[in-house]
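Structure below is run27.txt: compact mmCIF, C-alpha atoms (C1' of nucleotides).
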# COMPACT_ATOMS: atom_id res chain seq x y z
CA MET A 1 -6.55 10.77 96.25
CA SER A 2 -3.65 11.69 93.94
CA THR A 3 0.03 11.02 94.54
CA ILE A 4 2.20 12.43 97.29
CA SER A 5 5.75 13.68 96.68
CA THR A 6 8.63 12.62 98.90
CA LEU A 7 8.48 16.06 100.44
CA GLY A 8 4.84 15.40 101.24
CA TYR A 9 5.78 12.18 103.04
CA ALA A 10 8.46 14.04 104.95
CA LEU A 11 5.80 16.40 106.29
CA LEU A 12 3.43 13.53 107.09
CA SER A 13 6.30 11.80 108.93
CA LEU A 14 6.60 14.73 111.28
CA LEU A 15 2.85 15.18 111.71
CA ALA A 16 2.53 11.47 112.60
CA ARG A 17 4.32 12.31 115.85
CA GLY A 18 2.01 15.19 116.77
CA GLU A 19 0.29 18.33 115.59
CA LEU A 20 2.52 21.02 114.14
CA SER A 21 2.27 24.35 112.37
CA GLY A 22 4.13 25.01 109.14
CA TYR A 23 6.57 27.10 111.10
CA ASP A 24 7.17 24.23 113.55
CA ILE A 25 7.83 21.88 110.65
CA ALA A 26 10.34 24.29 109.15
CA ARG A 27 12.20 24.26 112.48
CA GLN A 28 12.05 20.46 112.80
CA MET A 29 13.60 20.30 109.34
CA LYS A 30 16.90 21.18 110.94
CA ALA A 31 17.33 18.06 113.11
CA PRO A 32 17.42 15.10 113.06
CA ILE A 33 15.31 14.35 110.02
CA GLY A 34 16.30 17.49 108.14
CA TYR A 35 19.81 16.15 107.78
CA PHE A 36 18.44 13.57 105.37
CA TRP A 37 15.60 15.53 103.81
CA HIS A 38 15.77 19.29 104.05
CA ALA A 39 13.01 21.73 103.08
CA SER A 40 12.53 25.46 103.60
CA HIS A 41 9.30 27.23 104.50
CA SER A 42 8.70 28.29 100.90
CA GLN A 43 8.29 24.62 100.03
CA ILE A 44 6.49 23.61 103.22
CA TYR A 45 3.52 26.01 103.15
CA PRO A 46 2.37 25.18 99.61
CA GLU A 47 2.93 21.46 100.21
CA LEU A 48 0.75 21.54 103.36
CA ALA A 49 -2.01 23.23 101.34
CA ARG A 50 -1.71 20.50 98.71
CA LEU A 51 -1.87 17.72 101.32
CA GLU A 52 -4.93 19.34 102.83
CA ARG A 53 -6.63 19.75 99.47
CA ASP A 54 -6.06 16.04 98.84
CA GLY A 55 -7.37 15.02 102.25
CA TYR A 56 -4.17 13.84 103.95
CA VAL A 57 -4.03 16.54 106.61
CA GLY A 58 -6.39 19.01 108.26
CA HIS A 59 -5.80 22.19 110.20
CA GLN A 60 -7.21 24.33 112.98
CA VAL A 61 -6.43 27.99 113.48
CA VAL A 62 -5.04 28.65 116.94
CA GLU A 63 -5.39 32.25 118.05
CA GLN A 64 -2.56 33.77 120.04
CA HIS A 65 -2.47 37.20 121.69
CA ASP A 66 1.25 37.98 122.04
CA ARG A 67 2.25 36.44 118.70
CA PRO A 68 0.68 35.82 115.28
CA ASP A 69 -2.11 33.26 115.02
CA LYS A 70 -1.08 29.91 113.61
CA LYS A 71 -2.49 26.99 111.66
CA VAL A 72 -1.96 23.71 113.47
CA TYR A 73 -1.95 20.74 111.12
CA SER A 74 -2.71 17.11 111.94
CA LEU A 75 -2.93 13.84 110.00
CA THR A 76 -6.23 12.49 108.73
CA ASP A 77 -6.83 8.74 108.66
CA ALA A 78 -6.06 8.79 104.94
CA GLY A 79 -2.79 10.57 105.66
CA ARG A 80 -1.73 8.07 108.30
CA GLU A 81 -2.64 5.17 106.02
CA ALA A 82 -0.74 6.65 103.07
CA LEU A 83 2.33 7.11 105.27
CA ARG A 84 2.06 3.57 106.62
CA THR A 85 2.05 1.94 103.19
CA TRP A 86 4.76 4.27 101.83
CA VAL A 87 7.26 3.19 104.51
CA THR A 88 7.65 -0.33 103.12
CA SER A 89 6.86 0.26 99.44
CA PRO A 90 9.57 -0.53 96.82
CA LEU A 91 12.33 2.04 96.50
CA ASP A 92 15.24 2.51 94.13
CA VAL A 93 18.65 3.32 95.54
CA PRO A 94 19.01 7.08 95.29
CA SER A 95 21.55 8.76 93.06
CA VAL A 96 23.98 10.63 95.25
CA ARG A 97 25.26 14.11 94.47
CA ASP A 98 28.35 15.19 96.38
CA GLU A 99 30.37 18.05 94.98
CA LEU A 100 33.40 17.34 97.15
CA VAL A 101 33.75 13.88 95.59
CA LEU A 102 33.35 15.45 92.18
CA ARG A 103 36.16 17.83 93.01
CA ALA A 104 38.34 14.97 94.19
CA PHE A 105 38.07 13.61 90.67
CA SER A 106 39.92 16.71 89.44
CA LEU A 107 42.31 16.91 92.36
CA TRP A 108 45.36 16.50 90.16
CA LEU A 109 44.70 19.91 88.59
CA GLY A 110 44.44 21.98 91.77
CA ASP A 111 46.97 23.47 94.13
CA ARG A 112 48.14 20.79 96.56
CA ARG A 113 48.14 22.95 99.70
CA GLU A 114 44.80 24.58 98.98
CA ALA A 115 43.27 21.18 98.32
CA ALA A 116 44.63 19.82 101.61
CA ALA A 117 43.14 22.82 103.44
CA LEU A 118 39.75 22.24 101.81
CA PHE A 119 39.67 18.58 102.80
CA ARG A 120 40.91 19.34 106.33
CA GLU A 121 38.09 21.85 106.71
CA HIS A 122 35.48 19.38 105.58
CA GLU A 123 36.98 16.79 107.89
CA ARG A 124 36.48 19.25 110.76
CA ARG A 125 32.90 20.01 109.78
CA HIS A 126 31.94 16.36 109.54
CA GLU A 127 33.58 15.68 112.89
CA ALA A 128 31.66 18.56 114.45
CA GLN A 129 28.42 17.17 113.07
CA LEU A 130 29.33 13.74 114.37
CA GLU A 131 29.92 15.15 117.85
CA GLU A 132 26.52 16.82 117.72
CA TYR A 133 24.91 13.47 116.92
CA GLN A 134 26.92 11.76 119.64
CA ALA A 135 25.65 14.27 122.19
CA ILE A 136 22.08 13.42 121.18
CA GLU A 137 22.87 9.73 121.46
CA ALA A 138 24.36 10.23 124.92
CA HIS A 139 21.20 12.04 125.93
CA ILE A 140 19.03 9.14 124.70
CA LYS A 141 21.21 6.53 126.39
CA GLY A 142 21.20 8.57 129.59
CA GLN A 143 17.44 8.21 129.82
CA SER A 144 17.36 4.44 129.62
CA ALA A 145 19.88 1.60 129.56
CA ARG A 146 18.28 -0.28 126.70
CA LEU A 147 17.18 0.83 123.27
CA PRO A 148 13.61 2.07 122.82
CA SER A 149 11.10 -0.49 121.53
CA ILE A 150 11.25 -1.15 117.78
CA ASP A 151 7.62 -0.09 117.40
CA SER A 152 8.21 3.32 118.94
CA PRO A 153 8.87 6.61 117.20
CA GLU A 154 11.88 6.89 119.53
CA PHE A 155 13.52 3.85 117.96
CA ALA A 156 12.84 5.20 114.49
CA ALA A 157 14.52 8.48 115.42
CA TYR A 158 17.41 6.53 116.95
CA ALA A 159 17.81 4.59 113.69
CA THR A 160 18.12 7.78 111.64
CA LEU A 161 20.61 9.05 114.21
CA GLN A 162 22.72 5.92 113.73
CA ARG A 163 22.74 6.58 110.01
CA GLY A 164 23.77 10.15 110.63
CA MET A 165 26.69 9.07 112.79
CA GLY A 166 27.84 6.46 110.31
CA TYR A 167 27.60 8.93 107.46
CA GLU A 168 29.58 11.67 109.20
CA ARG A 169 32.20 9.24 110.46
CA GLU A 170 32.75 7.93 106.96
CA CYS A 171 32.89 11.41 105.38
CA ALA A 172 35.39 12.61 107.99
CA ALA A 173 37.57 9.53 107.55
CA TRP A 174 37.66 9.93 103.79
CA CYS A 175 38.46 13.66 104.00
CA ARG A 176 41.25 12.87 106.45
CA TRP A 177 42.68 10.19 104.18
CA VAL A 178 42.66 12.51 101.17
CA ALA A 179 44.27 15.32 103.18
CA GLU A 180 46.97 12.96 104.46
CA GLN A 181 47.78 11.86 100.94
CA LEU A 182 48.03 15.49 99.83
CA GLU A 183 50.18 16.52 102.80
CA GLY A 184 52.45 13.48 102.88
CA GLY A 185 53.09 13.05 99.20
CA PRO A 186 56.31 13.98 97.35
CA VAL A 187 56.84 17.64 96.53
CA MET B 1 32.93 34.67 81.24
CA SER B 2 29.77 33.95 83.28
CA THR B 3 29.35 31.32 85.99
CA ILE B 4 29.49 27.56 85.55
CA SER B 5 27.04 25.20 87.24
CA THR B 6 28.23 22.14 89.11
CA LEU B 7 27.02 20.07 86.20
CA GLY B 8 29.23 22.19 83.95
CA TYR B 9 32.25 21.42 86.14
CA ALA B 10 31.34 17.74 86.03
CA LEU B 11 31.57 17.85 82.24
CA LEU B 12 34.83 19.82 82.33
CA SER B 13 36.22 17.22 84.79
CA LEU B 14 35.71 14.51 82.23
CA LEU B 15 36.99 16.57 79.30
CA ALA B 16 40.14 17.39 81.29
CA ARG B 17 41.13 13.74 80.81
CA GLY B 18 40.60 13.74 77.08
CA GLU B 19 38.33 14.63 74.20
CA LEU B 20 34.80 13.25 74.35
CA SER B 21 31.51 13.51 72.53
CA GLY B 22 28.28 14.25 74.39
CA TYR B 23 27.38 10.61 73.95
CA ASP B 24 30.71 9.52 75.46
CA ILE B 25 30.11 11.77 78.44
CA ALA B 26 26.66 10.33 78.98
CA ARG B 27 28.24 6.88 79.12
CA GLN B 28 31.03 8.00 81.45
CA MET B 29 28.33 9.33 83.74
CA LYS B 30 27.66 5.77 84.81
CA ALA B 31 31.02 5.03 86.42
CA PRO B 32 32.93 5.99 88.53
CA ILE B 33 32.13 9.68 88.64
CA GLY B 34 28.45 9.25 87.85
CA TYR B 35 27.92 7.59 91.22
CA PHE B 36 28.51 10.97 92.82
CA TRP B 37 27.13 13.25 90.13
CA HIS B 38 24.71 11.78 87.66
CA ALA B 39 23.41 13.47 84.50
CA SER B 40 21.44 12.24 81.52
CA HIS B 41 21.97 13.19 77.88
CA SER B 42 19.09 15.69 77.98
CA GLN B 43 21.13 17.72 80.45
CA ILE B 44 24.51 17.10 78.88
CA TYR B 45 23.88 18.35 75.33
CA PRO B 46 22.48 21.77 76.29
CA GLU B 47 25.18 22.19 78.94
CA LEU B 48 27.94 21.50 76.41
CA ALA B 49 26.41 24.13 74.14
CA ARG B 50 26.40 26.62 77.02
CA LEU B 51 30.03 25.84 77.92
CA GLU B 52 31.00 26.33 74.30
CA ARG B 53 29.07 29.61 74.03
CA ASP B 54 30.96 30.85 77.12
CA GLY B 55 34.33 29.75 75.78
CA TYR B 56 35.15 26.87 78.12
CA VAL B 57 35.06 24.12 75.52
CA GLY B 58 35.29 23.79 71.75
CA HIS B 59 34.27 21.05 69.36
CA GLN B 60 35.15 19.43 66.08
CA VAL B 61 32.78 17.39 63.96
CA VAL B 62 34.15 13.91 63.29
CA GLU B 63 32.62 12.24 60.28
CA GLN B 64 31.99 8.52 60.48
CA HIS B 65 30.82 6.24 57.70
CA ASP B 66 29.30 3.27 59.54
CA ARG B 67 27.69 5.31 62.33
CA PRO B 68 26.37 8.88 62.84
CA ASP B 69 28.83 11.76 62.79
CA LYS B 70 29.77 13.12 66.20
CA LYS B 71 30.91 16.32 67.86
CA VAL B 72 34.10 15.81 69.81
CA TYR B 73 34.55 18.36 72.57
CA SER B 74 37.76 19.46 74.24
CA LEU B 75 38.72 21.98 76.94
CA THR B 76 39.91 25.46 76.08
CA ASP B 77 42.58 27.13 78.23
CA ALA B 78 39.80 29.08 79.94
CA GLY B 79 37.96 25.86 80.70
CA ARG B 80 41.02 24.21 82.18
CA GLU B 81 41.75 27.29 84.28
CA ALA B 82 38.16 27.53 85.54
CA LEU B 83 38.26 23.86 86.51
CA ARG B 84 41.61 24.28 88.28
CA THR B 85 40.42 27.12 90.53
CA TRP B 86 37.05 25.46 91.19
CA VAL B 87 38.68 22.35 92.68
CA THR B 88 39.96 24.16 95.75
CA SER B 89 37.40 26.98 96.07
CA PRO B 90 35.27 27.19 99.27
CA LEU B 91 32.41 24.73 99.46
CA ASP B 92 29.51 24.23 101.85
CA VAL B 93 28.73 20.75 103.11
CA PRO B 94 25.95 19.47 100.89
CA SER B 95 22.49 18.72 102.19
CA VAL B 96 21.84 15.02 101.82
CA ARG B 97 18.56 13.57 100.55
CA ASP B 98 18.05 9.90 101.25
CA GLU B 99 14.52 8.58 101.11
CA LEU B 100 15.38 5.34 102.89
CA VAL B 101 16.53 7.25 105.96
CA LEU B 102 13.36 9.33 105.77
CA ARG B 103 11.36 6.12 105.75
CA ALA B 104 13.29 4.79 108.74
CA PHE B 105 11.98 7.79 110.64
CA SER B 106 8.44 6.38 110.19
CA LEU B 107 9.45 2.75 110.68
CA TRP B 108 7.21 2.36 113.71
CA LEU B 109 4.11 2.73 111.50
CA GLY B 110 4.92 0.09 108.89
CA ASP B 111 4.63 -3.67 108.78
CA ARG B 112 7.64 -5.23 110.52
CA ARG B 113 8.29 -8.02 108.04
CA GLU B 114 7.86 -5.84 104.98
CA ALA B 115 10.21 -3.27 106.47
CA ALA B 116 12.83 -5.94 107.20
CA ALA B 117 12.55 -7.15 103.60
CA LEU B 118 13.01 -3.61 102.28
CA PHE B 119 16.15 -3.04 104.33
CA ARG B 120 17.57 -6.47 103.47
CA GLU B 121 17.10 -5.67 99.82
CA HIS B 122 18.90 -2.36 100.11
CA GLU B 123 21.66 -4.09 102.08
CA ARG B 124 22.07 -6.48 99.14
CA ARG B 125 22.15 -3.68 96.58
CA HIS B 126 24.77 -1.69 98.48
CA GLU B 127 26.87 -4.82 98.92
CA ALA B 128 26.62 -5.54 95.20
CA GLN B 129 27.76 -2.01 94.44
CA LEU B 130 30.60 -2.36 96.92
CA GLU B 131 31.76 -5.55 95.20
CA GLU B 132 31.74 -3.75 91.87
CA TYR B 133 34.01 -1.05 93.33
CA GLN B 134 36.26 -3.67 94.91
CA ALA B 135 36.68 -5.33 91.54
CA ILE B 136 37.81 -2.01 90.07
CA GLU B 137 40.21 -1.54 92.98
CA ALA B 138 41.63 -5.02 92.48
CA HIS B 139 42.18 -4.17 88.83
CA ILE B 140 44.04 -0.97 89.76
CA LYS B 141 46.17 -2.71 92.38
CA GLY B 142 46.91 -5.49 89.94
CA GLN B 143 48.61 -3.04 87.60
CA SER B 144 51.02 -1.62 90.16
CA ALA B 145 51.99 -2.37 93.75
CA ARG B 146 51.94 1.23 94.90
CA LEU B 147 49.29 3.94 94.61
CA PRO B 148 49.38 6.21 91.57
CA SER B 149 51.08 9.59 92.04
CA ILE B 150 48.99 12.22 93.81
CA ASP B 151 49.28 14.55 90.84
CA SER B 152 47.84 12.02 88.44
CA PRO B 153 44.27 11.67 87.23
CA GLU B 154 44.59 8.02 88.26
CA PHE B 155 45.03 8.96 91.91
CA ALA B 156 42.03 11.29 91.72
CA ALA B 157 39.89 8.49 90.31
CA TYR B 158 41.21 6.18 93.02
CA ALA B 159 40.20 8.73 95.67
CA THR B 160 36.60 8.86 94.42
CA LEU B 161 36.61 5.08 94.34
CA GLN B 162 37.66 5.00 98.00
CA ARG B 163 34.76 7.28 98.82
CA GLY B 164 32.42 5.02 96.91
CA MET B 165 33.57 1.98 98.84
CA GLY B 166 33.27 3.71 102.19
CA TYR B 167 29.82 5.00 101.30
CA GLU B 168 28.47 1.63 100.18
CA ARG B 169 30.02 -0.18 103.13
CA GLU B 170 28.39 2.23 105.56
CA CYS B 171 24.97 2.07 103.83
CA ALA B 172 25.04 -1.73 103.80
CA ALA B 173 26.04 -1.89 107.47
CA TRP B 174 23.25 0.45 108.49
CA CYS B 175 20.62 -1.42 106.46
CA ARG B 176 21.83 -4.69 108.02
CA TRP B 177 21.62 -3.23 111.52
CA VAL B 178 18.07 -1.95 110.95
CA ALA B 179 17.00 -5.29 109.45
CA GLU B 180 18.48 -7.19 112.39
CA GLN B 181 16.61 -5.00 114.84
CA LEU B 182 13.38 -5.60 112.94
CA GLU B 183 13.92 -9.34 112.69
CA GLY B 184 15.20 -9.94 116.20
CA GLY B 185 12.82 -7.75 118.14
CA PRO B 186 9.91 -8.94 120.29
CA VAL B 187 6.70 -9.96 118.50
C1' DT C 1 16.38 52.02 117.50
C1' DC C 2 17.59 47.91 115.48
C1' DC C 3 17.54 43.17 115.18
C1' DC C 4 15.56 38.62 116.34
C1' DT C 5 11.68 35.44 116.77
C1' DC C 6 7.14 34.15 115.43
C1' DA C 7 4.12 33.36 111.55
C1' DT C 8 2.51 32.79 106.67
C1' DG C 9 2.62 33.24 102.28
C1' DT C 10 4.05 34.26 96.72
C1' DA C 11 7.16 34.53 92.66
C1' DA C 12 11.03 33.92 89.87
C1' DA C 13 14.81 31.29 88.59
C1' DA C 14 17.65 27.32 88.52
C1' DG C 15 18.27 22.45 88.37
C1' DG C 16 16.76 17.74 87.20
C1' DT C 17 13.70 13.95 85.26
C1' DT C 18 10.85 12.01 81.86
C1' DA C 19 9.04 11.94 77.52
C1' DC C 20 9.13 13.18 72.62
C1' DA C 21 11.67 13.01 68.18
C1' DT C 22 14.70 11.07 64.43
C1' DG C 23 17.47 7.76 61.92
C1' DA C 24 21.26 4.51 60.41
C1' DT C 25 23.68 0.24 61.48
C1' DT C 26 24.51 -3.96 63.87
C1' DT C 27 23.26 -8.07 66.45
C1' DA C 28 20.08 -11.75 68.08
C1' DT D 1 11.98 -8.97 62.22
C1' DA D 2 12.84 -6.95 66.47
C1' DA D 3 15.78 -4.86 69.56
C1' DA D 4 20.02 -2.67 70.87
C1' DT D 5 23.80 0.72 69.96
C1' DC D 6 25.41 5.06 68.22
C1' DA D 7 24.34 9.90 67.98
C1' DT D 8 22.01 14.42 68.92
C1' DG D 9 18.75 17.17 70.18
C1' DT D 10 13.93 19.63 72.27
C1' DA D 11 9.85 20.15 75.39
C1' DA D 12 7.10 19.55 79.32
C1' DC D 13 7.03 18.85 83.87
C1' DC D 14 8.45 18.54 88.64
C1' DT D 15 11.45 19.93 92.44
C1' DT D 16 14.37 23.03 94.86
C1' DT D 17 16.51 27.44 95.93
C1' DT D 18 16.51 32.25 96.47
C1' DA D 19 14.29 36.41 96.77
C1' DC D 20 10.25 39.27 97.63
C1' DA D 21 6.53 40.57 100.95
C1' DT D 22 4.19 41.71 105.42
C1' DG D 23 3.64 42.60 110.32
C1' DA D 24 3.47 42.33 115.59
C1' DG D 25 6.12 41.79 119.88
C1' DG D 26 10.36 41.36 122.73
C1' DG D 27 15.15 42.14 123.97
C1' DA D 28 19.85 44.55 123.63
How would this structure read if it were set down as structure tokens?
Amino acid sequence: MSTISTLGYALLSLLARGELSGYDIARQMKAPIGYFWHASHSQIYPELARLERDGYVGHQVVEQHDRPDKKVYSLTDAGREALRTWVTSPLDVPSVRDELVLRAFSLWLGDRREAAALFREHERRHEAQLEEYQAIEAHIKGQSARLPSIDSPEFAAYATLQRGMGYERECAAWCRWVAEQLEGGPV
Amino acid sequence: MSTISTLGYALLSLLARGELSGYDIARQMKAPIGYFWHASHSQIYPELARLERDGYVGHQVVEQHDRPDKKVYSLTDAGREALRTWVTSPLDVPSVRDELVLRAFSLWLGDRREAAALFREHERRHEAQLEEYQAIEAHIKGQSARLPSIDSPEFAAYATLQRGMGYERECAAWCRWVAEQLEGGPV
DNA sequence: TCCCTCATGTAAAAGGTTACATGATTTA
DNA sequence: TAAATCATGTAACCTTTTACATGAGGGA
């Protein structure tokens, strides 16, 4: 049944929660999962075709009168099984690529004020993203006092949200610390 | 003078601290900068050739008797200037790709115990990496009571180290939280 | 009338990983 | 004798980004 790329699993992950068209998937790739695995439609459409060819998904054409017809994809049993075993299979820690950290490594060469402005701006952006996540969390907590069951897709989404909040909080804190050093240091 | 890729700037960042051969750079790409921008020798050698063609670096052949001769690269004025302006130029927040978070999104499908084991293992790895960073920090702090000057390459390296520690701490904490949820939840 | 949303694709280019290729010296 | 280190490269492949391409319907 040939191997599936990580992108392929990302698509299966979304389809495991319900039927979606390629266009729907492209939209879902913005939040919350897209913050940890982004893909654009030019990657999604060919990957769906590949998954279908290999028997992991199937599709039905849904005719629409006021808008273009669409292909609605759903998981096959093989697709669901592949996804299930992938979740707990061995995984190496990923190699991170963050250009801002790379720039920090050459901070001593750049203009002090410009550098401070850059880090302050990134601090702001990470804080804005954090607030977005916190609003989603508030919405979830508003619906029920306790966390969703561990076996539910809702808990899984909540877990990725927690990671998102932790990530943004840490990025913002680091940017702030760097900016403070740049602003407070000797002239 | 044509554009430089992020990888190119990564190489310039290292050369700004001193002359290095391609082989040296490949080794440096393991720590501390490599944790935020990795590259293997098959990328490094062609990129150095490109940077030289475009006038950002130059090289001298150093003959050695007991080991192979090497090409030692150094920055040109143009290379140093390009690096300097790059540090503070506008930058979009990067899109993150983390397969473990992607897997968490499908946690509800997988075996509970296997999932807990996976997250415990990643917790351990991130903690091990954190300890490695802390050892480097201890070494730096052992040399001098106060932080290195903001204008120094040492401060810049210290700043990336801080980011590394924050990153690993946050990853480990999240993995631990997920594992605890999986282990403590109802059967 | 112009732009946005819905909807699906292809193609070219850039970036990154893995494998191929060579060869001397040192260490276990 | 086998493996690791030093040293430099190329080639094939996979992934990702950006641009090209089309077309209907709705709202400002």
(Q) Should the cut-off be 9 Å, what would the residue list for chain B against chain D look like, counting only C-alpha atoms (C1' of nucleotides), as a PyMOL selection string? (A) chain B and resi 22-23+42+45-46+67-70
re atom CA of A:Leu51 and atom CA of A:Thr160: distance 24.6 Å
Practice problem: Calculate how many Å separate atom CA of B:His65 from atom CA of B:Glu19, rounding to one decimal. | Solution: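 Here the two named atoms are 20.0 Å from each other.
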**Request:** Output as a PyMOL selection string the set of chain B residues within 6 Å of chain A, with distances taken over only C-alpha atoms.
**Result:** chain B and resi 13+36-37+84+87-88+96-98+101+103-110+114-115+151-153+156-157+160
message = Would you mind listing, as a list in words, all residues of chain C that have at least one atom within 8 Å of chain A, where only C-alpha atoms (C1' of nucleotides) are what counts?
response = DC6, DA7, DT8 and DG9 of chain C
Write the residues of the selection above to a file with C-alpha atoms (C1' of nucleotides), as a PDB file, keeping the file's coordinate frame.
ATOM      1  C1'  DC C   6       7.140  34.150 115.430  1.00  0.00           C
ATOM      2  C1'  DA C   7       4.120  33.360 111.550  1.00  0.00           C
ATOM      3  C1'  DT C   8       2.510  32.790 106.670  1.00  0.00           C
ATOM      4  C1'  DG C   9       2.620  33.240 102.280  1.00  0.00           C
TER       5       DG C   9
END
*Distance atom CA of B:Tyr56-atom CA of B:Lys30, one decimal place?*
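For atom CA of B:Tyr56 relative to atom CA of B:Lys30, the distance reads 23.4 Å.
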